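The next block holds one structure in the form of structure tokens; read it before the comments.
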Amino acid sequence: MKKLIVKVIGGEKLQMVRISLVAILISLIVGAVILLAIGKNPFAAYGNLLQGSGLLPKGSYAGRQNMFTDFMSFLDALTPMIFASLSVAVAMKAGLFNIGVSGMMLAAGFTAAITVGYSDLAAVAAKPLAIVIGMAAGALAGALIGWLKYKFNINEVVSSIMINYILMYVFTFFINTYFVNSVSRQSNPVSDAARLTITNVQAFDLKFNIPLAFPLAIISAIIIWFLMNRTTMGFEIKAVGQSRQAARYAGIGISKSMILSMTISGALAGLAGITYFCGYYGSIQPGVVPSMGFNAIAVALLGNCDPIGCIFSSFLITIISKGSVYMSSQQGVENEIADLVMSVILIFAACAEFMRMYAGRLETELKDKKEVQASRQIR
Amino acid sequence: MSNSGYIIEMKHITKRFPGLIANNDVSLGIKKGEIFALLGENGAGKSTLMSVLFGMYEPDEGEIFIRGEKVRITSPRHATQLGIGMVHQHFRLVSDYTVAENIILGSEPKKKLLGLIPMVDIKKANADIAALSEKYGLKVDPTSVISDLNVSTQQRVEILKMLYRDAEILIFDEPTAVLTPQEIEYLLDIIRGLRDGGKTVIIITHKLEEIKSVADRCAILNRGKLIDILDVAGTSTTEMARLMVGHEVSFSSGKAEAVPGETVLKVEGLTVKGEMGNDAVKDVSFEIRSGEIFALAGVSGNGQNELADAIAGLRDCAAGRITLNGTDITNMPIRKRIETGVAYIPEDRHNVGLVLNFSLSDNLALKRYYDATFSKHHIMKREVFNENGNRLIKEYDIRSSKGNATSTRAMSGGNQQKAIIAREIDLRTPLIIFMQPTRGLDIGAISNIHKQIIEERDRGAAVLLISLELDEIMDCADTIGVIFDGRINRIAKASELTVNEVGRFMMGVGDKGESA
Ligand SMILES: Nc1ncnc2c1ncn2[C@@H]1O[C@H](COP(=O)(O)OP(=O)(O)OP(=O)(O)O)[C@@H](O)[C@H]1O
Ligand SMILES: [Mg+2]
């Protein structure tokens, strides 16, 4: 057993990637045990997750729907998750812990909705404008947190939590007062022209949604990767994240780098918000902060805070979150089981560093045993 | 099994790191109750060998016997159980804990509150520690907080920490690198006392006189291999140096007369606040001309750090003026100052001089990554980073396992220092501040650095050399300033001062009539 652990997560090569994979595996096993305990077949349940995400064909489909419909809907949910995890990752690189992604998402969604979403601008103008406004709103919130940190040395964790709640209550007030839809108890839906997901497209005898911003999410990840690894700005942000004293000594503007990284982080959170509220959902639910903003922290960790890693970890988490509805309907289990599996993955992801150390310790321990056995045999 | 009378025996120890063999088939035995020294160039593998003994690394090959019994030391905790203690090259104390809390950390004396709830018995700890420090002459107050203590006291805490755990084998990794001459004497006395009390001591140091004065035997390592084990009494320091470097070393820097030119740095009435808000530098004035080495002598903690930081821009000036080639730089931002021409080798290489998790090539470009050579339109030219790294690694003999790609965290202390010096000298600025440039370097590297300092001077740079080592000051200086309690109380041509005079001024007992 121990040998196996060492083999799988010890060593140096791509260790973080392997650890992430192990985290996922363990959580799936834990989930399977729970499913077994309540008398369900875990394979079937996990298959349902893939089916619900449009990655495996379902047994039957409603009219004019097939796997492709589900897959497009899956991409629609994946898009904001990628942005949100990138947002966390960028801040993390600068040594900042951005818990405020949820609030920033709300800020972006709300601002874009009231400015563009409820206007009667034509689609060609409305969509880009919604994206720009959403990004700007998120960036502004991020910059504010960065600035509070620089100016008053307010811990970013504290200020971002506060901002989450302040924004949530302010927007809830406005939505409930001015923009509430009396039937759905949500905000009025944004106009189709402004919406970033084209819904109910009819083609090839099929009905499906098109998440317009999905390519943008992939491109953003690549851009962020480039920014972090190939530009002087990324160099500065990482230097500040690793050692403020050394960065300052090198003449790097610490405050500039921190505000900048929080602004980028905020802009990405804004994109998450806009693709979530004005894309995937099309409206805002008052009184709650989107949990995606918190999940994004663990998703970013699972992706080792690497932009490309974030794409993969988002993909995985979205399979679970998206597929869980179908799973619960098929298996007759609670939706919460899927949430549970997801949480376990996230916990293990957050423990990556611990697992790395544990692997190292086991490695030495094993060598010991071998030695002892060898010496016994000699005797 | 083994019956050789050695308390420690390391047999055929080999420890590999990716790309390099840090210890190559090293075998040595250490007798109970002796002081055993390890000597070797930077990166020779001394710290690694001791880390193996202390259970921080597992050797890839070889075996260790402690008190004749074969052991596999798997962790520092295990080493502690075996009676081995170590004071690391870089201290590992929790800075906002008290002395006592640091010492007991991990082996706290427990008492039961109401006979039930286990509690740390801090009173007992304080008393125990006070008794220990009394016994070994290690003066510390168990209740003071680490961050308030100077390095030498912190070191005493590290020693007490070992003693508190009943260590019998005490390993010191470059303990004297951070100390003043007086403190070194004090430490060496303590070490002798420990030996006389029956402890076995292993000491790593680059200073041959220290080995001469305290050690019984000395092992010499070179590039991972054991060269020889010598009886210190029968070996001269020149012989040791030769064995260690592998060829003759000349100790004299052989420098030509200075030909000073225009004034480069002018400091007038400078006052700088210290960490505690006190005036650490008080109304200091001096000048350094191009082609001149101005060496600032002084006992550690007399304002040298604050003065250097202020000139480099890391600390604000409370009063006074700093001009560089006629430009007022008193309030200039750090980046601008670097560009105007201030290079700085800071005292704290771990936290300030390097971004430890960055690669060597990134660290070697830390001050230039953004300029036209290294980047274009804010995009870094990776190949230039690599070329720059390769060039400096070669020129300054920076040894590491993976060259450019090595994380500087995985480099030996001396090679980290060389990397900083290489980067700073290579800026070719009109002013270079060297703060303790040779701390922790082997003698070969020291004479190399001294040569480079003098070359910089001959190129026309103004050099501010701040050192605690009087030898270094006397060797390199054209002009000597002595700082005491934040004031420079003597400035004179090097040729006009004797070592003794400088030493007197360092203690603040100079001729009052002449003080500035
Ligand atoms: N964790 C590590 N990973 C990879 N290489 C390492 C690691 N630690 C040390 N090394 C390499 O092993 C060699 C020996 O290092 P070590 O720290 O033992 O040298 P040293 O003799 O103590 O030198 P110094 O006098 O400079 O402290 C160096 O080349 C160093 O770069
Ligand atoms: Mg060392």
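In the structure tokens, chains take the letters A, B, ... in the order shown, each chain's residues start at 1, and ligands count up from 1 in the order shown.
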
Give me the chain B side of the contact with ligand 1, cut-off 9 Å, one line per residue showing its nearest atom pair and distance in Å at one decimal, counting only C-alpha atoms and all ligand atoms, sorted by chain and residue number, as a tab-separated table.
residue	atom	partner	partner_atom_place_in_ligand_line	distance
B:Lys15	CA	ligand 1	12 (O)	8.8
B:Arg16	CA	ligand 1	12 (O)	8.0
B:Phe17	CA	ligand 1	4 (C)	4.8
B:Pro18	CA	ligand 1	4 (C)	6.3
B:Gly19	CA	ligand 1	5 (N)	8.0
B:Leu20	CA	ligand 1	12 (O)	6.9
B:Ile21	CA	ligand 1	12 (O)	7.1
B:Ala22	CA	ligand 1	12 (O)	4.5
B:Asn23	CA	ligand 1	14 (C)	7.6
B:Leu38	CA	ligand 1	21 (O)	8.9
B:Leu39	CA	ligand 1	21 (O)	8.1
B:Gly40	CA	ligand 1	21 (O)	6.1
B:Glu41	CA	ligand 1	25 (O)	5.8
B:Asn42	CA	ligand 1	26 (O)	3.4
B:Gly43	CA	ligand 1	19 (O)	3.3
B:Ala44	CA	ligand 1	21 (O)	3.9
B:Gly45	CA	ligand 1	18 (O)	3.2
B:Lys46	CA	ligand 1	21 (O)	3.7
B:Ser47	CA	ligand 1	22 (O)	3.6
B:Thr48	CA	ligand 1	18 (O)	3.6
B:Leu49	CA	ligand 1	18 (O)	6.4
B:Met50	CA	ligand 1	18 (O)	8.0
B:Ser51	CA	ligand 1	18 (O)	8.1
B:Tyr57	CA	ligand 1	1 (N)	8.8
B:Gln89	CA	ligand 1	27 (O)	7.4
B:Asp173	CA	ligand 1	22 (O)	7.9
B:Glu174	CA	ligand 1	27 (O)	7.7
B:Ile204	CA	ligand 1	22 (O)	8.2
B:Thr205	CA	ligand 1	25 (O)	7.9
B:His206	CA	ligand 1	25 (O)	7.3
B:Leu221	CA	ligand 1	21 (O)	7.9
B:Asn222	CA	ligand 1	21 (O)	8.5
B:Arg223	CA	ligand 1	14 (C)	7.8
B:Gly224	CA	ligand 1	14 (C)	7.2
B:Ile398	CA	ligand 1	29 (O)	8.8
B:Arg399	CA	ligand 1	29 (O)	5.4
B:Ser400	CA	ligand 1	31 (O)	3.8
B:Ser401	CA	ligand 1	31 (O)	5.2
B:Lys402	CA	ligand 1	5 (N)	8.0
B:Thr406	CA	ligand 1	4 (C)	7.7
B:Ser407	CA	ligand 1	4 (C)	8.3
B:Thr408	CA	ligand 1	31 (O)	8.2
B:Arg409	CA	ligand 1	1 (N)	7.4
B:Ala410	CA	ligand 1	2 (C)	4.1
B:Met411	CA	ligand 1	31 (O)	3.7
B:Ser412	CA	ligand 1	17 (O)	3.7
B:Gly413	CA	ligand 1	27 (O)	4.1
B:Gly414	CA	ligand 1	26 (O)	3.2
B:Asn415	CA	ligand 1	26 (O)	5.3
B:Gln416	CA	ligand 1	26 (O)	7.5
B:Gln417	CA	ligand 1	26 (O)	8.2
B:Gly440	CA	ligand 1	25 (O)	6.2
B:Leu441	CA	ligand 1	25 (O)	6.2
B:Asp442	CA	ligand 1	25 (O)	6.4

Next on the checklist: What are the residues of chain B lining chain A at 8 Å or less? Count only C-alpha atoms, and put the answer as a VMD selection string.
Outcome noted: chain B and resid 58 72 74 314 333 to 336 338 351 to 358 366 to 367 369 to 370 375 378 to 382

Would you list the contacts of B:Ser133 as an mmCIF file with N, CA and C atoms, in the first residue's frame, taking every protein, DNA or RNA residue within 10 Å and counting only C-alpha atoms, but skipping same-chain residues closer than 3 positions in sequence?
data_model
loop_
_atom_site.group_PDB
_atom_site.id
_atom_site.type_symbol
_atom_site.label_atom_id
_atom_site.label_comp_id
_atom_site.auth_asym_id
_atom_site.auth_seq_id
_atom_site.Cartn_x
_atom_site.Cartn_y
_atom_site.Cartn_z
ATOM 1 N N ALA B 127 12.118 27.886 34.223
ATOM 2 C CA ALA B 127 13.094 27.578 35.266
ATOM 3 C C ALA B 127 14.177 26.647 34.734
ATOM 4 N N ASP B 128 13.743 25.608 34.009
ATOM 5 C CA ASP B 128 14.711 24.659 33.443
ATOM 6 C C ASP B 128 15.712 25.369 32.552
ATOM 7 N N ILE B 129 15.163 26.255 31.719
ATOM 8 C CA ILE B 129 16.023 26.930 30.749
ATOM 9 C C ILE B 129 16.989 27.873 31.450
ATOM 10 N N ALA B 130 16.484 28.566 32.437
ATOM 11 C CA ALA B 130 17.366 29.453 33.197
ATOM 12 C C ALA B 130 18.513 28.648 33.808
ATOM 13 N N TYR B 136 25.786 26.400 31.339
ATOM 14 C CA TYR B 136 26.709 26.460 30.207
ATOM 15 C C TYR B 136 27.164 27.876 29.876
ATOM 16 N N GLY B 137 26.790 28.818 30.709
ATOM 17 C CA GLY B 137 27.217 30.195 30.467
ATOM 18 C C GLY B 137 26.583 30.829 29.241
ATOM 19 N N LEU B 138 25.374 30.383 28.903
ATOM 20 C CA LEU B 138 24.683 30.938 27.735
ATOM 21 C C LEU B 138 23.660 31.965 28.208
ATOM 22 N N LYS B 139 24.047 33.218 28.155
ATOM 23 C CA LYS B 139 23.169 34.226 28.729
ATOM 24 C C LYS B 139 21.948 34.513 27.847
ATOM 25 N N VAL B 140 20.764 34.172 28.329
ATOM 26 C CA VAL B 140 19.523 34.602 27.678
ATOM 27 C C VAL B 140 18.420 34.696 28.713
ATOM 28 N N ASP B 141 17.451 35.551 28.398
ATOM 29 C CA ASP B 141 16.278 35.642 29.249
ATOM 30 C C ASP B 141 15.183 34.798 28.607
ATOM 31 N N PRO B 142 14.731 33.734 29.299
ATOM 32 C CA PRO B 142 13.765 32.812 28.679
ATOM 33 C C PRO B 142 12.468 33.485 28.259
ATOM 34 N N ARG B 156 22.354 31.533 20.693
ATOM 35 C CA ARG B 156 22.395 30.906 22.011
ATOM 36 C C ARG B 156 21.103 30.141 22.271
ATOM 37 N N VAL B 157 19.983 30.710 21.797
ATOM 38 C CA VAL B 157 18.709 30.024 21.967
ATOM 39 C C VAL B 157 18.742 28.688 21.228
ATOM 40 N N ILE B 159 21.310 26.914 20.617
ATOM 41 C CA ILE B 159 22.170 25.980 21.364
ATOM 42 C C ILE B 159 21.415 25.407 22.560
ATOM 43 N N LEU B 160 20.727 26.310 23.271
ATOM 44 C CA LEU B 160 19.956 25.846 24.429
ATOM 45 C C LEU B 160 18.901 24.833 24.011
ATOM 46 N N LEU B 163 20.516 21.581 23.894
ATOM 47 C CA LEU B 163 20.862 21.091 25.227
ATOM 48 C C LEU B 163 19.621 20.661 26.000
ATOM 49 N N TYR B 164 18.533 21.415 25.787
ATOM 50 C CA TYR B 164 17.284 21.108 26.466
ATOM 51 C C TYR B 164 16.806 19.706 26.104
#

Surrounding residues of A:Gly323 excluding itself and chain neighbours under 6 positions, 9 Å, only C-alpha atoms, as JSON, numbers by chain:
{"A": [46, 48, 49, 50, 51, 52, 53, 54, 74, 338]}

Keeping only N, CA and C atoms, write those residues as a PDB file, in the first residue's frame.
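Final output, saved to selection.pdb:
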ATOM      1  N   TYR A  46     -22.153   7.476 -11.274  1.00  0.00           N
ATOM      2  CA  TYR A  46     -21.115   8.276 -11.918  1.00  0.00           C
ATOM      3  C   TYR A  46     -21.357   8.355 -13.421  1.00  0.00           C
ATOM      4  N   ASN A  48     -24.208   8.495 -14.704  1.00  0.00           N
ATOM      5  CA  ASN A  48     -25.229   9.525 -14.839  1.00  0.00           C
ATOM      6  C   ASN A  48     -24.632  10.921 -14.877  1.00  0.00           C
ATOM      7  N   LEU A  49     -23.558  11.104 -14.073  1.00  0.00           N
ATOM      8  CA  LEU A  49     -22.914  12.423 -14.071  1.00  0.00           C
ATOM      9  C   LEU A  49     -22.410  12.760 -15.475  1.00  0.00           C
ATOM     10  N   LEU A  50     -21.768  11.761 -16.089  1.00  0.00           N
ATOM     11  CA  LEU A  50     -21.238  11.985 -17.435  1.00  0.00           C
ATOM     12  C   LEU A  50     -22.373  12.168 -18.442  1.00  0.00           C
ATOM     13  N   GLN A  51     -23.427  11.369 -18.235  1.00  0.00           N
ATOM     14  CA  GLN A  51     -24.570  11.516 -19.143  1.00  0.00           C
ATOM     15  C   GLN A  51     -25.202  12.891 -19.013  1.00  0.00           C
ATOM     16  N   GLY A  52     -25.351  13.316 -17.762  1.00  0.00           N
ATOM     17  CA  GLY A  52     -25.975  14.613 -17.522  1.00  0.00           C
ATOM     18  C   GLY A  52     -25.157  15.754 -18.092  1.00  0.00           C
ATOM     19  N   SER A  53     -23.820  15.506 -18.219  1.00  0.00           N
ATOM     20  CA  SER A  53     -22.955  16.545 -18.756  1.00  0.00           C
ATOM     21  C   SER A  53     -22.791  16.435 -20.268  1.00  0.00           C
ATOM     22  N   GLY A  54     -23.493  15.472 -20.850  1.00  0.00           N
ATOM     23  CA  GLY A  54     -23.404  15.334 -22.299  1.00  0.00           C
ATOM     24  C   GLY A  54     -22.125  14.685 -22.758  1.00  0.00           C
ATOM     25  N   PHE A  74     -23.515  21.895 -20.854  1.00  0.00           N
ATOM     26  CA  PHE A  74     -22.362  21.672 -19.976  1.00  0.00           C
ATOM     27  C   PHE A  74     -21.308  22.764 -20.194  1.00  0.00           C
ATOM     28  N   ALA A 338     -23.999  14.468  -4.827  1.00  0.00           N
ATOM     29  CA  ALA A 338     -23.065  15.017  -5.808  1.00  0.00           C
ATOM     30  C   ALA A 338     -22.271  16.163  -5.174  1.00  0.00           C
TER      31      ALA A 338
END

| request: Extract, using only C-alpha atoms, all DNA, RNA and protein residues at most 9 Å from stretch 139-144 of chain A, discarding same-chain residues fewer than 6 positions from it, and format them as a PyMOL selection string. | output: chain A and resi 98+100-101+103-104+107-108+160+163+258-270

Could the residues in this selection be saved with C-alpha atoms as a compact mmCIF listing (two decimals), in the first residue's frame?
# COMPACT_ATOMS: atom_id res chain seq x y z
CA ASN A 98 -9.32 36.41 -3.26
CA GLY A 100 -14.41 37.99 -3.15
CA VAL A 101 -15.00 36.28 -6.49
CA GLY A 103 -19.26 39.43 -4.92
CA MET A 104 -17.37 40.49 -8.00
CA ALA A 107 -21.22 43.19 -9.36
CA ALA A 108 -20.52 42.29 -12.96
CA SER A 160 -13.28 40.67 0.07
CA ILE A 163 -17.48 43.25 -0.16
CA MET A 258 -0.87 43.91 -5.89
CA ILE A 259 -3.48 46.31 -7.20
CA LEU A 260 -2.79 45.17 -10.73
CA SER A 261 -3.16 41.50 -9.93
CA MET A 262 -6.35 42.15 -7.98
CA THR A 263 -7.66 44.16 -10.91
CA ILE A 264 -6.95 41.33 -13.33
CA SER A 265 -8.41 38.89 -10.85
CA GLY A 266 -11.47 41.12 -10.58
CA ALA A 267 -11.83 41.40 -14.34
CA LEU A 268 -11.77 37.62 -14.60
CA ALA A 269 -14.32 37.34 -11.81
CA GLY A 270 -16.34 39.88 -13.77
